[in-house]
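Chemist: Take this structure first; my questions come after.
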Amino acid sequence: MSTETTASVSTHILDTSAGRPAEGVAVRLSARAGRDAHWRPLGGSPTDADGRCKDLPAPPEGTTHVRLDFAVEPYFERSAKKRADAQQDAPANRDSGAVFFPEVAVTFAVNPGEHYHVPLLLSPFGYSVYRGS
């Protein structure tokens, strides 16, 4: 939760290729105080059944930039196996099976007292992010 001196961050992931939330994606939150400062890991958690990461820690006072790191490769590997099992002999992936984007890093500027909801729209070969509400 944000206060007058800190920001707050939340996120969720929608797998647009499946048309459903992406469950079990590890999300890490880092922060820094100034563009030349070092990143400080703050914590993280996996997305829930609704694709949401509800318990990310609040960035500390003085934070100017936040980074969300999404580990999407394990998610797509699990998804591909489920699809392959369901389709039996059908290929699970149109390429070699390698994940094109094994991780997604989203960096953004923050101001004290504001909440930042950053949804990730994800597919095997592309992604999009935006500032939500």
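Every chain in the structure tokens takes a letter, A first, then B, and so on in the order presented; its residues are numbered from 1, and the ligands are numbered from 1 following the presented order.
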Need the shell around stretch 9-20 of chain A: protein/DNA/RNA residues with any atom at most 7 Å away, counting only C-alpha atoms. Skip same-chain ones fewer than 4 positions apart. Format as a ChimeraX atom specification?

Modeler: /A:51-54,56,58,115-123

Chemist: Determine, for each residue of stretch 18-54 of chain A having at least one atom at most 10 Å from an atom of stretch 103-114 of chain A, the closest pair of atoms and their separation in Å to one decimal, counting only C-alpha atoms; order by chain and ascending number, as a tab-separated table.

Modeler:
residue	atom	partner	partner_atom	distance
A:Ala26	CA	A:Glu103	CA	10.0
A:Val27	CA	A:Val104	CA	9.7
A:Arg28	CA	A:Ala105	CA	9.4
A:Leu29	CA	A:Val106	CA	9.8
A:Ser30	CA	A:Thr107	CA	9.2
A:Ala31	CA	A:Thr107	CA	9.2
A:Arg32	CA	A:Ala109	CA	9.8
A:Gly34	CA	A:Ala109	CA	9.5
A:Arg35	CA	A:Ala109	CA	9.4

Chemist: Which one of A:Leu42, A:Val99, A:Asp36, A:Phe125 sits closest to A:Pro60 if you count only C-alpha atoms?

Modeler: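 Under the stated criterion, the closest residue is A:Leu42.
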
Chemist: Would you please give, as a list in words, all residues of stretch 17-83 of chain A that DSSP assigns to alpha helix (DSSP H) based on the backbone?

Modeler: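 The alpha helix (DSSP H) subset of stretch 17-83 of chain A is Glu73, Pro74, Tyr75, Phe76, Glu77, Arg78, Ser79, Ala80, Lys81, Lys82 and Arg83 of chain A.
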
Chemist: Would you list the contacts of A:Gly62 as a PyMOL selection string, taking every protein, DNA or RNA residue within 8 Å and counting only C-alpha atoms, but skipping same-chain residues closer than 3 positions in sequence?

Modeler: chain A and resi 5-6+33+112

Chemist: Please give the complete set of residues from chain A that DSSP, run on the backbone, assigns to strand (DSSP E or B), formatted as a ChimeraX atom specification.

Modeler: /A:8-15,20-21,26-32,40-46,52-53,65-71,104-109,115-117,120-123,126-129,132

Chemist: One decimal, Å: what's the distance from atom CA of A:Glu23 over to atom CA of A:Asp69, could you say?

Modeler: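 Going from atom CA of A:Glu23 over to atom CA of A:Asp69 covers 15.2 Å.
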